[in-house]
>>> print(open('entry-v8.cif').read())   # mmCIF, C-alpha atoms and all ligand atoms
data_target
loop_
_atom_site.label_atom_id
_atom_site.label_comp_id
_atom_site.auth_asym_id
_atom_site.auth_seq_id
_atom_site.Cartn_x
_atom_site.Cartn_y
_atom_site.Cartn_z
CA MET A 1 -1.31 13.39 23.80
CA GLN A 2 2.26 13.31 25.10
CA THR A 3 4.79 15.46 23.29
CA PHE A 4 8.37 14.48 22.56
CA ALA A 5 9.52 16.64 25.49
CA ASP A 6 7.01 14.94 27.83
CA LEU A 7 8.40 11.56 26.82
CA PHE A 8 12.13 12.19 26.55
CA GLY A 9 12.73 15.45 28.43
CA THR A 10 14.08 17.38 25.46
CA ALA A 11 12.91 18.86 22.15
CA PRO A 12 13.27 16.59 19.08
CA ALA A 13 16.39 17.18 16.98
CA LEU A 14 14.51 16.49 13.76
CA ALA A 15 11.29 15.18 12.26
CA ALA A 16 10.48 13.20 9.13
CA GLU A 17 7.19 12.21 7.54
CA ALA A 18 5.79 9.77 5.00
CA PRO A 19 2.26 9.56 3.52
CA GLY A 20 -0.14 6.68 3.13
CA ARG A 21 -1.09 5.63 -0.40
CA VAL A 22 -4.08 4.66 -2.47
CA ASN A 23 -3.62 2.48 -5.52
CA LEU A 24 -5.58 3.70 -8.55
CA ILE A 25 -5.14 0.51 -10.55
CA GLY A 26 -2.69 -2.39 -10.89
CA GLU A 27 -3.55 -4.70 -8.00
CA HIS A 28 -1.59 -7.85 -7.16
CA THR A 29 0.65 -7.14 -10.13
CA ASP A 30 3.70 -5.92 -8.19
CA TYR A 31 4.89 -9.34 -7.03
CA ASN A 32 4.44 -10.53 -10.61
CA GLY A 33 6.93 -7.99 -11.98
CA GLY A 34 4.09 -5.92 -13.47
CA PHE A 35 2.76 -2.36 -13.50
CA VAL A 36 1.06 -0.31 -10.77
CA LEU A 37 -0.42 3.19 -10.58
CA PRO A 38 -0.69 4.38 -6.98
CA THR A 39 -0.69 7.89 -5.51
CA VAL A 40 -0.16 9.37 -2.06
CA ILE A 41 -2.90 10.49 0.32
CA PRO A 42 -2.80 13.44 2.75
CA GLN A 43 -2.75 11.17 5.83
CA ARG A 44 0.82 10.83 7.11
CA THR A 45 3.10 9.24 9.65
CA ARG A 46 5.44 11.59 11.51
CA VAL A 47 8.61 10.56 13.31
CA GLU A 48 10.47 12.85 15.68
CA LEU A 49 13.82 11.83 17.08
CA VAL A 50 16.97 12.65 18.99
CA PRO A 51 20.16 10.62 18.50
CA ARG A 52 21.58 8.91 21.58
CA PRO A 53 25.22 8.31 22.48
CA ASP A 54 24.61 4.54 22.88
CA ALA A 55 22.96 1.77 20.81
CA ASN A 56 19.56 1.92 22.51
CA VAL A 57 16.44 2.64 20.51
CA ARG A 58 13.54 3.89 22.59
CA VAL A 59 10.42 4.30 20.52
CA TRP A 60 6.98 5.54 21.44
CA SER A 61 3.88 5.31 19.26
CA ALA A 62 0.68 7.30 19.69
CA ASN A 63 -1.25 4.76 17.62
CA VAL A 64 -1.35 1.71 19.85
CA ASP A 65 -3.00 1.02 23.18
CA GLU A 66 -1.47 2.67 26.21
CA ALA A 67 0.26 -0.43 27.58
CA HIS A 68 2.33 -0.91 24.40
CA ARG A 69 3.26 2.63 23.51
CA MET A 70 6.84 2.76 24.77
CA GLU A 71 9.14 0.03 23.51
CA GLN A 72 12.88 -0.43 23.46
CA PHE A 73 15.52 -2.47 21.69
CA LEU A 74 19.26 -2.54 21.15
CA LEU A 75 20.79 -2.08 17.69
CA GLY A 76 22.32 -5.39 16.68
CA ARG A 77 19.95 -7.24 19.02
CA GLU A 78 16.71 -6.77 17.10
CA ALA A 79 14.32 -9.68 17.68
CA VAL A 80 10.87 -10.38 16.25
CA THR A 81 8.05 -9.39 18.64
CA HIS A 82 5.01 -9.75 16.34
CA THR A 83 4.02 -6.18 17.23
CA TRP A 84 4.29 -2.78 15.50
CA LEU A 85 7.85 -2.55 16.81
CA ASP A 86 8.93 -5.08 14.17
CA TYR A 87 8.46 -2.49 11.42
CA VAL A 88 10.93 -0.22 13.22
CA GLN A 89 13.38 -3.01 14.04
CA GLY A 90 13.11 -4.33 10.49
CA VAL A 91 14.21 -0.94 9.18
CA THR A 92 17.22 -0.68 11.50
CA VAL A 93 18.30 -4.20 10.51
CA ALA A 94 17.81 -3.42 6.79
CA LEU A 95 19.89 -0.24 7.03
CA ARG A 96 22.70 -1.88 8.97
CA GLN A 97 22.76 -4.74 6.48
CA ARG A 98 23.47 -2.18 3.78
CA GLY A 99 26.57 -1.25 5.73
CA LEU A 100 25.10 1.98 7.05
CA HIS A 101 26.19 3.12 10.47
CA LEU A 102 23.45 3.87 12.98
CA ARG A 103 23.46 4.91 16.59
CA GLY A 104 20.65 4.67 19.10
CA VAL A 105 17.76 7.14 19.09
CA ASP A 106 14.77 8.26 21.08
CA MET A 107 11.82 8.32 18.72
CA ARG A 108 8.20 9.45 18.87
CA ILE A 109 5.79 8.24 16.17
CA GLU A 110 2.33 9.53 15.41
CA SER A 111 0.24 8.64 12.39
CA THR A 112 -3.03 9.66 10.76
CA VAL A 113 -2.83 6.79 8.24
CA PRO A 114 -5.54 4.36 9.33
CA ILE A 115 -4.32 0.87 10.20
CA GLY A 116 -5.92 -2.03 8.32
CA SER A 117 -7.70 0.12 5.71
CA GLY A 118 -5.50 -1.01 2.83
CA LEU A 119 -3.75 2.37 2.65
CA SER A 120 -0.25 1.24 3.60
CA SER A 121 0.14 2.35 7.18
CA SER A 122 3.04 -0.11 7.38
CA ALA A 123 4.94 1.38 4.42
CA ALA A 124 4.33 4.87 5.83
CA LEU A 125 5.85 3.72 9.11
CA GLU A 126 8.86 2.05 7.48
CA VAL A 127 9.58 4.97 5.16
CA SER A 128 9.15 7.68 7.80
CA VAL A 129 11.45 5.83 10.22
CA ALA A 130 14.05 5.28 7.48
CA ARG A 131 13.84 8.96 6.47
CA ALA A 132 14.29 10.09 10.06
CA LEU A 133 17.35 7.83 10.50
CA ARG A 134 18.77 8.93 7.14
CA ALA A 135 18.52 12.57 8.21
CA ALA A 136 19.87 11.92 11.72
CA PHE A 137 22.97 10.00 10.61
CA ASP A 138 23.55 11.44 7.13
CA LEU A 139 23.03 8.03 5.57
CA ARG A 140 23.93 7.60 1.90
CA LEU A 141 20.64 6.18 0.75
CA ASP A 142 18.54 7.42 -2.16
CA ASP A 143 14.74 7.26 -2.24
CA VAL A 144 14.62 3.99 -4.19
CA GLU A 145 17.13 2.33 -1.84
CA LEU A 146 15.10 3.63 1.06
CA ALA A 147 11.97 2.01 -0.40
CA MET A 148 13.90 -1.26 -0.84
CA ALA A 149 14.99 -1.14 2.81
CA GLY A 150 11.33 -0.72 3.82
CA LYS A 151 10.32 -3.68 1.69
CA TRP A 152 13.10 -5.78 3.17
CA ALA A 153 11.83 -4.93 6.67
CA GLU A 154 8.31 -5.97 5.70
CA ASN A 155 9.28 -9.19 3.85
CA GLU A 156 12.18 -10.49 5.88
CA PHE A 157 11.62 -9.13 9.36
CA VAL A 158 7.85 -8.74 9.70
CA GLY A 159 7.32 -11.71 7.40
CA ALA A 160 4.67 -10.32 5.01
CA PRO A 161 5.47 -11.41 1.41
CA THR A 162 4.42 -8.12 -0.22
CA GLY A 163 5.66 -6.46 -3.40
CA ILE A 164 7.44 -3.12 -3.81
CA MET A 165 4.48 -0.89 -4.74
CA ASP A 166 3.71 0.57 -1.32
CA GLN A 167 7.21 1.55 -0.27
CA MET A 168 8.00 2.98 -3.72
CA VAL A 169 4.99 5.28 -3.87
CA VAL A 170 5.31 6.28 -0.23
CA SER A 171 8.98 7.14 -0.81
CA LEU A 172 8.68 8.68 -4.30
CA GLY A 173 5.06 9.71 -4.80
CA ALA A 174 3.85 13.30 -4.95
CA ALA A 175 0.38 14.78 -4.42
CA GLY A 176 -1.61 15.47 -7.57
CA ALA A 177 0.10 12.79 -9.66
CA ALA A 178 0.06 9.02 -9.83
CA LEU A 179 3.29 7.03 -9.85
CA PHE A 180 3.31 4.79 -12.91
CA LEU A 181 5.79 2.16 -11.81
CA ASP A 182 7.30 -0.80 -13.58
CA THR A 183 7.89 -3.03 -10.57
CA ARG A 184 10.48 -5.11 -12.42
CA SER A 185 12.89 -2.36 -13.51
CA LEU A 186 11.67 0.15 -10.88
CA HIS A 187 11.51 2.68 -13.68
CA PHE A 188 8.76 5.20 -12.93
CA ASP A 189 6.94 8.17 -14.41
CA ARG A 190 4.69 10.67 -12.70
CA VAL A 191 1.28 10.92 -14.37
CA PRO A 192 -0.61 14.08 -13.35
CA LEU A 193 -4.26 13.58 -12.42
CA PRO A 194 -6.40 15.57 -14.87
CA PRO A 195 -8.02 18.72 -13.45
CA THR A 196 -11.43 17.26 -14.31
CA VAL A 197 -11.28 14.53 -11.65
CA GLU A 198 -11.03 14.02 -7.93
CA LEU A 199 -10.43 10.89 -5.88
CA VAL A 200 -12.70 9.62 -3.15
CA VAL A 201 -11.55 6.93 -0.73
CA ILE A 202 -13.96 5.16 1.61
CA ASP A 203 -12.97 2.51 4.13
CA SER A 204 -15.55 -0.29 4.24
CA GLY A 205 -14.87 -0.96 7.92
CA ILE A 206 -14.35 -4.65 7.09
CA ARG A 207 -11.10 -6.28 8.21
CA HIS A 208 -10.19 -9.85 7.53
CA ARG A 209 -7.88 -11.82 9.72
CA LEU A 210 -6.61 -14.19 7.07
CA VAL A 211 -5.11 -11.46 4.95
CA THR A 212 -1.46 -12.54 5.14
CA GLY A 213 -2.27 -16.20 4.52
CA GLU A 214 -4.57 -15.48 1.58
CA TYR A 215 -2.05 -13.03 0.14
CA ALA A 216 0.71 -15.64 0.32
CA THR A 217 -1.59 -18.22 -1.31
CA ARG A 218 -2.36 -15.89 -4.22
CA ARG A 219 1.32 -15.19 -4.61
CA SER A 220 2.28 -18.84 -4.80
CA GLN A 221 -0.60 -19.55 -7.21
CA CYS A 222 0.87 -16.89 -9.50
CA GLU A 223 4.30 -18.50 -9.23
CA GLU A 224 2.82 -21.87 -10.11
CA ALA A 225 0.93 -20.33 -13.06
CA SER A 226 4.22 -18.84 -14.34
CA ARG A 227 5.91 -22.24 -14.12
CA ARG A 228 3.08 -23.84 -16.07
CA LEU A 229 3.20 -21.07 -18.67
CA ARG A 230 6.99 -21.37 -18.81
CA VAL A 231 7.61 -17.70 -18.11
CA HIS A 232 9.77 -16.07 -15.47
CA GLU A 233 6.86 -14.03 -14.07
CA LEU A 234 3.26 -13.37 -15.17
CA ARG A 235 4.48 -9.97 -16.35
CA ASP A 236 5.99 -11.85 -19.26
CA VAL A 237 2.61 -12.96 -20.58
CA PRO A 238 1.21 -10.36 -23.02
CA VAL A 239 -2.59 -10.06 -23.29
CA ALA A 240 -2.29 -11.48 -26.79
CA ASN A 241 -1.31 -14.78 -25.12
CA LEU A 242 -4.50 -15.01 -23.05
CA PRO A 243 -5.55 -18.19 -24.89
CA GLN A 244 -2.60 -19.97 -23.20
CA VAL A 245 -3.83 -18.69 -19.85
CA GLU A 246 -7.34 -19.92 -20.60
CA ALA A 247 -5.94 -23.42 -21.06
CA LEU A 248 -4.61 -23.61 -17.48
CA ASP A 249 -6.40 -25.55 -14.73
CA GLU A 250 -8.26 -23.66 -11.99
CA PRO A 251 -7.44 -21.72 -9.91
CA PHE A 252 -4.37 -20.86 -11.98
CA ARG A 253 -6.45 -19.87 -15.00
CA ARG A 254 -8.40 -17.15 -13.22
CA ARG A 255 -5.49 -15.97 -11.05
CA ALA A 256 -3.24 -15.53 -14.09
CA ARG A 257 -6.06 -13.98 -16.11
CA HIS A 258 -6.48 -11.31 -13.44
CA VAL A 259 -2.78 -10.44 -13.41
CA VAL A 260 -2.34 -10.42 -17.19
CA THR A 261 -5.45 -8.31 -17.83
CA GLU A 262 -4.71 -6.02 -14.86
CA ASP A 263 -1.24 -5.20 -16.21
CA ASP A 264 -2.88 -4.26 -19.48
CA ARG A 265 -5.48 -2.13 -17.67
CA VAL A 266 -2.70 -0.14 -16.00
CA LEU A 267 -1.19 0.70 -19.38
CA GLN A 268 -4.61 1.67 -20.72
CA ALA A 269 -5.36 3.78 -17.63
CA VAL A 270 -2.09 5.69 -18.00
CA ALA A 271 -2.94 6.44 -21.64
CA ALA A 272 -6.47 7.50 -20.70
CA LEU A 273 -5.26 9.78 -17.91
CA ARG A 274 -2.78 11.39 -20.27
CA ALA A 275 -5.57 11.87 -22.80
CA ASN A 276 -7.80 13.38 -20.09
CA ASP A 277 -10.43 10.69 -20.63
CA PRO A 278 -11.87 10.08 -17.15
CA ALA A 279 -14.77 8.01 -18.48
CA GLN A 280 -12.30 5.49 -19.89
CA VAL A 281 -10.29 5.41 -16.64
CA GLY A 282 -13.56 4.82 -14.79
CA GLU A 283 -14.45 1.85 -17.00
CA LEU A 284 -11.03 0.38 -16.26
CA PHE A 285 -11.67 0.81 -12.52
CA TYR A 286 -14.90 -1.21 -12.81
CA ALA A 287 -13.22 -3.89 -14.89
CA SER A 288 -10.38 -4.11 -12.38
CA HIS A 289 -12.85 -4.52 -9.54
CA ALA A 290 -14.74 -7.27 -11.34
CA SER A 291 -11.48 -9.07 -12.03
CA MET A 292 -10.38 -8.86 -8.37
CA ARG A 293 -13.80 -10.07 -7.28
CA ASP A 294 -14.34 -12.91 -9.75
CA ASP A 295 -10.89 -14.02 -10.92
CA TYR A 296 -8.59 -13.14 -8.06
CA GLU A 297 -11.24 -13.58 -5.35
CA VAL A 298 -9.88 -10.97 -2.96
CA SER A 299 -13.03 -8.90 -2.50
CA VAL A 300 -15.81 -9.32 0.07
CA PRO A 301 -19.57 -8.73 -0.36
CA GLN A 302 -19.55 -5.47 1.61
CA VAL A 303 -16.82 -3.97 -0.59
CA ASP A 304 -18.68 -5.13 -3.70
CA ALA A 305 -21.77 -3.36 -2.34
CA LEU A 306 -19.79 -0.19 -1.74
CA VAL A 307 -18.52 -0.21 -5.34
CA GLU A 308 -22.05 -0.87 -6.58
CA ILE A 309 -23.46 2.03 -4.58
CA ALA A 310 -20.72 4.36 -5.82
CA SER A 311 -21.42 3.30 -9.40
CA SER A 312 -25.00 4.56 -9.18
CA GLU A 313 -23.75 8.12 -8.58
CA HIS A 314 -24.08 10.52 -11.47
CA ASP A 315 -20.69 12.16 -10.95
CA VAL A 316 -18.76 8.92 -10.54
CA TYR A 317 -16.65 7.63 -13.43
CA GLY A 318 -15.53 4.43 -11.75
CA ALA A 319 -14.84 2.67 -8.45
CA ARG A 320 -12.89 -0.33 -7.23
CA LEU A 321 -11.41 -2.12 -4.27
CA THR A 322 -7.93 -0.74 -3.60
CA GLY A 323 -5.01 -2.51 -1.93
CA GLY A 324 -4.59 -6.15 -1.07
CA GLY A 325 -8.27 -6.84 -0.43
CA PHE A 326 -10.31 -8.95 2.03
CA GLY A 327 -11.95 -5.75 3.25
CA GLY A 328 -10.27 -2.37 3.30
CA SER A 329 -11.13 0.63 1.14
CA ILE A 330 -12.53 1.56 -2.24
CA VAL A 331 -11.14 4.25 -4.52
CA VAL A 332 -13.60 6.25 -6.58
CA LEU A 333 -12.86 8.45 -9.57
CA ALA A 334 -15.32 11.34 -9.40
CA LYS A 335 -15.92 14.58 -11.23
CA ARG A 336 -13.84 17.40 -9.74
CA GLY A 337 -15.89 19.31 -7.16
CA SER A 338 -18.31 16.47 -6.48
CA GLY A 339 -16.11 14.39 -4.15
CA ARG A 340 -17.41 15.56 -0.80
CA ALA A 341 -21.09 15.12 -1.69
CA VAL A 342 -20.48 11.78 -3.44
CA ALA A 343 -18.49 10.45 -0.47
CA ASP A 344 -21.14 11.45 2.05
CA ARG A 345 -24.02 9.98 0.06
CA VAL A 346 -22.25 6.72 -0.74
CA ALA A 347 -21.13 6.28 2.87
CA GLU A 348 -24.64 6.96 4.15
CA ARG A 349 -26.29 4.47 1.78
CA TYR A 350 -23.68 1.84 2.62
CA ARG A 351 -24.28 2.38 6.34
CA THR A 352 -28.05 1.99 6.04
CA GLU A 353 -28.10 -0.76 3.40
CA CYS A 354 -25.24 -2.89 4.71
CA GLY A 355 -25.25 -2.02 8.40
CA GLU A 356 -21.50 -1.41 8.39
CA THR A 357 -19.47 1.57 9.59
CA PRO A 358 -17.69 3.32 6.71
CA THR A 359 -15.06 6.06 7.05
CA VAL A 360 -14.53 8.67 4.39
CA LEU A 361 -10.76 9.14 4.08
CA LEU A 362 -10.72 11.29 0.95
CA PRO A 363 -11.63 14.10 0.61
CA ALA A 364 -9.71 14.38 3.91
C1 LIG B 1 -0.54 -4.97 -0.58
C2 LIG B 1 0.95 -5.18 -0.80
C3 LIG B 1 1.39 -4.62 -2.16
C4 LIG B 1 0.49 -5.10 -3.28
C5 LIG B 1 -0.99 -4.93 -2.90
C6 LIG B 1 -1.92 -5.54 -3.92
O1 LIG B 1 -0.81 -3.60 -0.45
O2 LIG B 1 1.69 -4.55 0.22
O3 LIG B 1 2.74 -4.95 -2.38
O4 LIG B 1 0.77 -6.43 -3.61
O5 LIG B 1 -1.29 -5.52 -1.65
O6 LIG B 1 -1.84 -4.84 -5.11
#
>>> encode(input="entry-v8.cif", output="structure tokens")
Amino acid sequence: MQTFADLFGTAPALAAEAPGRVNLIGEHTDYNGGFVLPTVIPQRTRVELVPRPDANVRVWSANVDEAHRMEQFLLGREAVTHTWLDYVQGVTVALRQRGLHLRGVDMRIESTVPIGSGLSSSAALEVSVARALRAAFDLRLDDVELAMAGKWAENEFVGAPTGIMDQMVVSLGAAGAALFLDTRSLHFDRVPLPPTVELVVIDSGIRHRLVTGEYATRRSQCEEASRRLRVHELRDVPVANLPQVEALDEPFRRRARHVVTEDDRVLQAVAALRANDPAQVGELFYASHASMRDDYEVSVPQVDALVEIASSEHDVYGARLTGGGFGGSIVVLAKRGSGRAVADRVAERYRTECGETPTVLLPA
């Protein structure tokens, strides 16, 4: 693999990194103003750079095919390309729009966060690029503002209508704790993972093309459900008001039921983690999965099978689809010390029973 010096003829002036994330619970709640509980994973994106005297940005990525590794653009002349470069351009536009002064850079990017596994490779890219630019040009930008800039890049430049969960946890998360985030106020708390548990993450190997379209559809169904329920966002519907949700027409009834019950499951999961009650957290994982599968309809049969297989393991407390859905990964709450064996057995059974190619991402 080419080093920075191979590419640009000099050593990098600085490097910055950002991790991928796995969401423990609280799925499709962030664009409804609700609660989420993600944590970071060891896989990371690393950006090395040297500032340039002009406004050129030359950027090289190790994670794309050879023909598209080196790209270039001019600050102030960013234009949508529908490639990975848009995440980088989106960040430079977002930062300049905040009145921050950038100059050109030479940049080398390399990532171990898998693309398309539902583990936020895009947020890791946005946040690591923003961190590198912040360090290079002494930008006045705190970690929450940096997350917001990443989200702006994703929503307005790349055009994916996502919520704030991914950029917030990638910017503010820490290993060993989950980030309990109120996506409306952006208030957050770090909830340590009890010493009795360990996380397992397995990529199903399934990728769906329609992800962005389906995601946008779910989002607008939630907006319509809020209008019908006469609330600002589904966050404003307490579980006690579920009877009103049950009175909605389909698909709004099931979509809103998922979001309202999922918000409540996040609160319950935080309490159970704090009480060191992994069995209860595990039950909430299963309930969340069922709700994503049946009410929100963002799972696929292979991912359901993976959760089912994991659930038959003795040392597993719970398992669920993590991330946006339509393929991607599952997160499993397992007994501390059992993760490696559980992951290998579940992956092997999935491979033989479903004929798919899983990847164990955690334990790393
Ligand atoms: C994707 C989005 C997040 C969130 C999840 C679903 O990861 O980027 O904002 O909506 O889907 O919970």
>>> atom_distance(input="entry-v8.cif", atom1="atom CA of Pro301 of chain A", atom2="atom CA of Leu234 of chain A")
27.6 Å
>>> residues_around(input="entry-v8.cif", residues="segment 137-153 of chain A", least_positions_apart="3", cutoff="8 Å", atoms="all atoms listed in the file", output="list in words")
Tyr87, Gln89, Gly90, Val91, Val93, Ala94, Leu95, Leu100, His101, Leu102, Arg103, Ala123, Glu126, Val127, Ala130, Arg131, Leu133, Arg134, Glu156, Phe157, Val158, Thr162, Gly163, Ile164, Gln167, Met168, Val170, Ser171 and Leu172 of chain A
>>> write_last_selection(input="entry-v8.cif", atoms="C-alpha atoms", output="PDB file, keeping the file's coordinate frame")
ATOM      1  CA  TYR A  87       8.460  -2.490  11.420  1.00  0.00           C
ATOM      2  CA  GLN A  89      13.380  -3.010  14.040  1.00  0.00           C
ATOM      3  CA  GLY A  90      13.110  -4.330  10.490  1.00  0.00           C
ATOM      4  CA  VAL A  91      14.210  -0.940   9.180  1.00  0.00           C
ATOM      5  CA  VAL A  93      18.300  -4.200  10.510  1.00  0.00           C
ATOM      6  CA  ALA A  94      17.810  -3.420   6.790  1.00  0.00           C
ATOM      7  CA  LEU A  95      19.890  -0.240   7.030  1.00  0.00           C
ATOM      8  CA  LEU A 100      25.100   1.980   7.050  1.00  0.00           C
ATOM      9  CA  HIS A 101      26.190   3.120  10.470  1.00  0.00           C
ATOM     10  CA  LEU A 102      23.450   3.870  12.980  1.00  0.00           C
ATOM     11  CA  ARG A 103      23.460   4.910  16.590  1.00  0.00           C
ATOM     12  CA  ALA A 123       4.940   1.380   4.420  1.00  0.00           C
ATOM     13  CA  GLU A 126       8.860   2.050   7.480  1.00  0.00           C
ATOM     14  CA  VAL A 127       9.580   4.970   5.160  1.00  0.00           C
ATOM     15  CA  ALA A 130      14.050   5.280   7.480  1.00  0.00           C
ATOM     16  CA  ARG A 131      13.840   8.960   6.470  1.00  0.00           C
ATOM     17  CA  LEU A 133      17.350   7.830  10.500  1.00  0.00           C
ATOM     18  CA  ARG A 134      18.770   8.930   7.140  1.00  0.00           C
ATOM     19  CA  GLU A 156      12.180 -10.490   5.880  1.00  0.00           C
ATOM     20  CA  PHE A 157      11.620  -9.130   9.360  1.00  0.00           C
ATOM     21  CA  VAL A 158       7.850  -8.740   9.700  1.00  0.00           C
ATOM     22  CA  THR A 162       4.420  -8.120  -0.220  1.00  0.00           C
ATOM     23  CA  GLY A 163       5.660  -6.460  -3.400  1.00  0.00           C
ATOM     24  CA  ILE A 164       7.440  -3.120  -3.810  1.00  0.00           C
ATOM     25  CA  GLN A 167       7.210   1.550  -0.270  1.00  0.00           C
ATOM     26  CA  MET A 168       8.000   2.980  -3.720  1.00  0.00           C
ATOM     27  CA  VAL A 170       5.310   6.280  -0.230  1.00  0.00           C
ATOM     28  CA  SER A 171       8.980   7.140  -0.810  1.00  0.00           C
ATOM     29  CA  LEU A 172       8.680   8.680  -4.300  1.00  0.00           C
TER      30      LEU A 172
END
>>> axis_aligned_box(input="entry-v8.cif", around="ligand LIG 1 (chain B)", padding_each_side="5 Å", output="JSON")
{"center_x": 0.4, "center_y": -5.0, "center_z": -2.4, "size_x": 14.7, "size_y": 12.8, "size_z": 15.3}
>>> closest_residue(input="entry-v8.cif", among="A:Leu229, A:Leu14, A:Val259, A:Met70", to="ligand LIG 1 (chain B)", atoms="only C-alpha atoms and all ligand atoms")
A:Val259
>>> atom_distance(input="entry-v8.cif", atom1="atom CA of Thr357 of chain A", atom2="atom CA of Val331 of chain A")
16.6 Å
>>> residues_near_point(input="entry-v8.cif", point="(16.8, 14.3, 22.5)", cutoff="10 Å", atoms="only C-alpha atoms", output="list in words")
Phe4, Ala5, Leu7, Phe8, Gly9, Thr10, Ala11, Pro12, Ala13, Leu14, Glu48, Leu49, Val50, Pro51, Arg52, Val105, Asp106 and Met107 of chain A
>>> residues_near_ligand(input="entry-v8.cif", ligand="ligand LIG 1 (chain B)", cutoff="7 Å", atoms="all atoms listed in the file", output="ChimeraX atom specification")
/A:26-31,118,120,162-166,323-324
>>> write_last_selection(input="entry-v8.cif", atoms="C-alpha atoms", output="PDB file, in the coordinates of the input")
ATOM      1  CA  GLY A  26      -2.690  -2.390 -10.890  1.00  0.00           C
ATOM      2  CA  GLU A  27      -3.550  -4.700  -8.000  1.00  0.00           C
ATOM      3  CA  HIS A  28      -1.590  -7.850  -7.160  1.00  0.00           C
ATOM      4  CA  THR A  29       0.650  -7.140 -10.130  1.00  0.00           C
ATOM      5  CA  ASP A  30       3.700  -5.920  -8.190  1.00  0.00           C
ATOM      6  CA  TYR A  31       4.890  -9.340  -7.030  1.00  0.00           C
ATOM      7  CA  GLY A 118      -5.500  -1.010   2.830  1.00  0.00           C
ATOM      8  CA  SER A 120      -0.250   1.240   3.600  1.00  0.00           C
ATOM      9  CA  THR A 162       4.420  -8.120  -0.220  1.00  0.00           C
ATOM     10  CA  GLY A 163       5.660  -6.460  -3.400  1.00  0.00           C
ATOM     11  CA  ILE A 164       7.440  -3.120  -3.810  1.00  0.00           C
ATOM     12  CA  MET A 165       4.480  -0.890  -4.740  1.00  0.00           C
ATOM     13  CA  ASP A 166       3.710   0.570  -1.320  1.00  0.00           C
ATOM     14  CA  GLY A 323      -5.010  -2.510  -1.930  1.00  0.00           C
ATOM     15  CA  GLY A 324      -4.590  -6.150  -1.070  1.00  0.00           C
TER      16      GLY A 324
END
>>> atom_distance(input="entry-v8.cif", atom1="atom CA of Arg254 of chain A", atom2="atom CA of Asp295 of chain A")
4.6 Å
>>> residues_around(input="entry-v8.cif", residues="Leu125 of chain A", least_positions_apart="4", cutoff="9 Å", atoms="all atoms listed in the file", output="list in words")
Glu17, Ala18, Pro19, Gly20, Arg44, Thr45, Arg46, Val47, Tyr87, Val88, Ile109, Ser111, Ser120, Ser121, Val129, Ala130 and Gly150 of chain A
>>> residues_around(input="entry-v8.cif", residues="Pro194 of chain A", least_positions_apart="3", cutoff="7 Å", atoms="only C-alpha atoms", output="MDAnalysis selection string")
chainID A and resid 197 273 276
>>> closest_atom_pairs(input="entry-v8.cif", of="segment 273-309 of chain A", to="segment 203-221 of chain A", cutoff="12 Å", atoms="all atoms listed in the file", output="CSV")
residue,atom,partner,partner_atom,distance
A:Met292,CA,A:Arg218,CA,11.4
A:Asp295,CA,A:Arg218,CA,11.0
A:Tyr296,CA,A:Arg218,CA,7.8
A:Glu297,CA,A:Arg218,CA,9.2
A:Val298,CA,A:Glu214,CA,8.3
A:Ser299,CA,A:His208,CA,10.5
A:Val300,CA,A:Ile206,CA,8.6
A:Pro301,CA,A:Ile206,CA,10.0
A:Gln302,CA,A:Ser204,CA,7.1
A:Val303,CA,A:Ser204,CA,6.2
A:Asp304,CA,A:Ser204,CA,9.8
A:Ala305,CA,A:Ser204,CA,9.6
A:Leu306,CA,A:Ser204,CA,7.3
A:Val307,CA,A:Ser204,CA,10.0
>>> closest_atom_pairs(input="entry-v8.cif", of="segment 124-232 of chain A", to="segment 333-342 of chain A", cutoff="12 Å", atoms="only C-alpha atoms", output="JSON lines")
{"residue": "A:Leu193", "atom": "CA", "partner": "A:Leu333", "partner_atom": "CA", "distance": 10.4}
{"residue": "A:Pro194", "atom": "CA", "partner": "A:Arg336", "partner_atom": "CA", "distance": 9.2}
{"residue": "A:Pro195", "atom": "CA", "partner": "A:Arg336", "partner_atom": "CA", "distance": 7.0}
{"residue": "A:Thr196", "atom": "CA", "partner": "A:Arg336", "partner_atom": "CA", "distance": 5.2}
{"residue": "A:Val197", "atom": "CA", "partner": "A:Arg336", "partner_atom": "CA", "distance": 4.3}
{"residue": "A:Glu198", "atom": "CA", "partner": "A:Arg336", "partner_atom": "CA", "distance": 4.8}
{"residue": "A:Leu199", "atom": "CA", "partner": "A:Leu333", "partner_atom": "CA", "distance": 5.0}
{"residue": "A:Val200", "atom": "CA", "partner": "A:Gly339", "partner_atom": "CA", "distance": 5.9}
{"residue": "A:Val201", "atom": "CA", "partner": "A:Leu333", "partner_atom": "CA", "distance": 9.1}
{"residue": "A:Ile202", "atom": "CA", "partner": "A:Val342", "partner_atom": "CA", "distance": 10.6}
>>> residues_near_point(input="entry-v8.cif", point="(-15.4, 7.4, -9.7)", cutoff="7 Å", atoms="all atoms listed in the file", output="VMD selection string")
chain A and resid 282 316 to 319 332 to 334
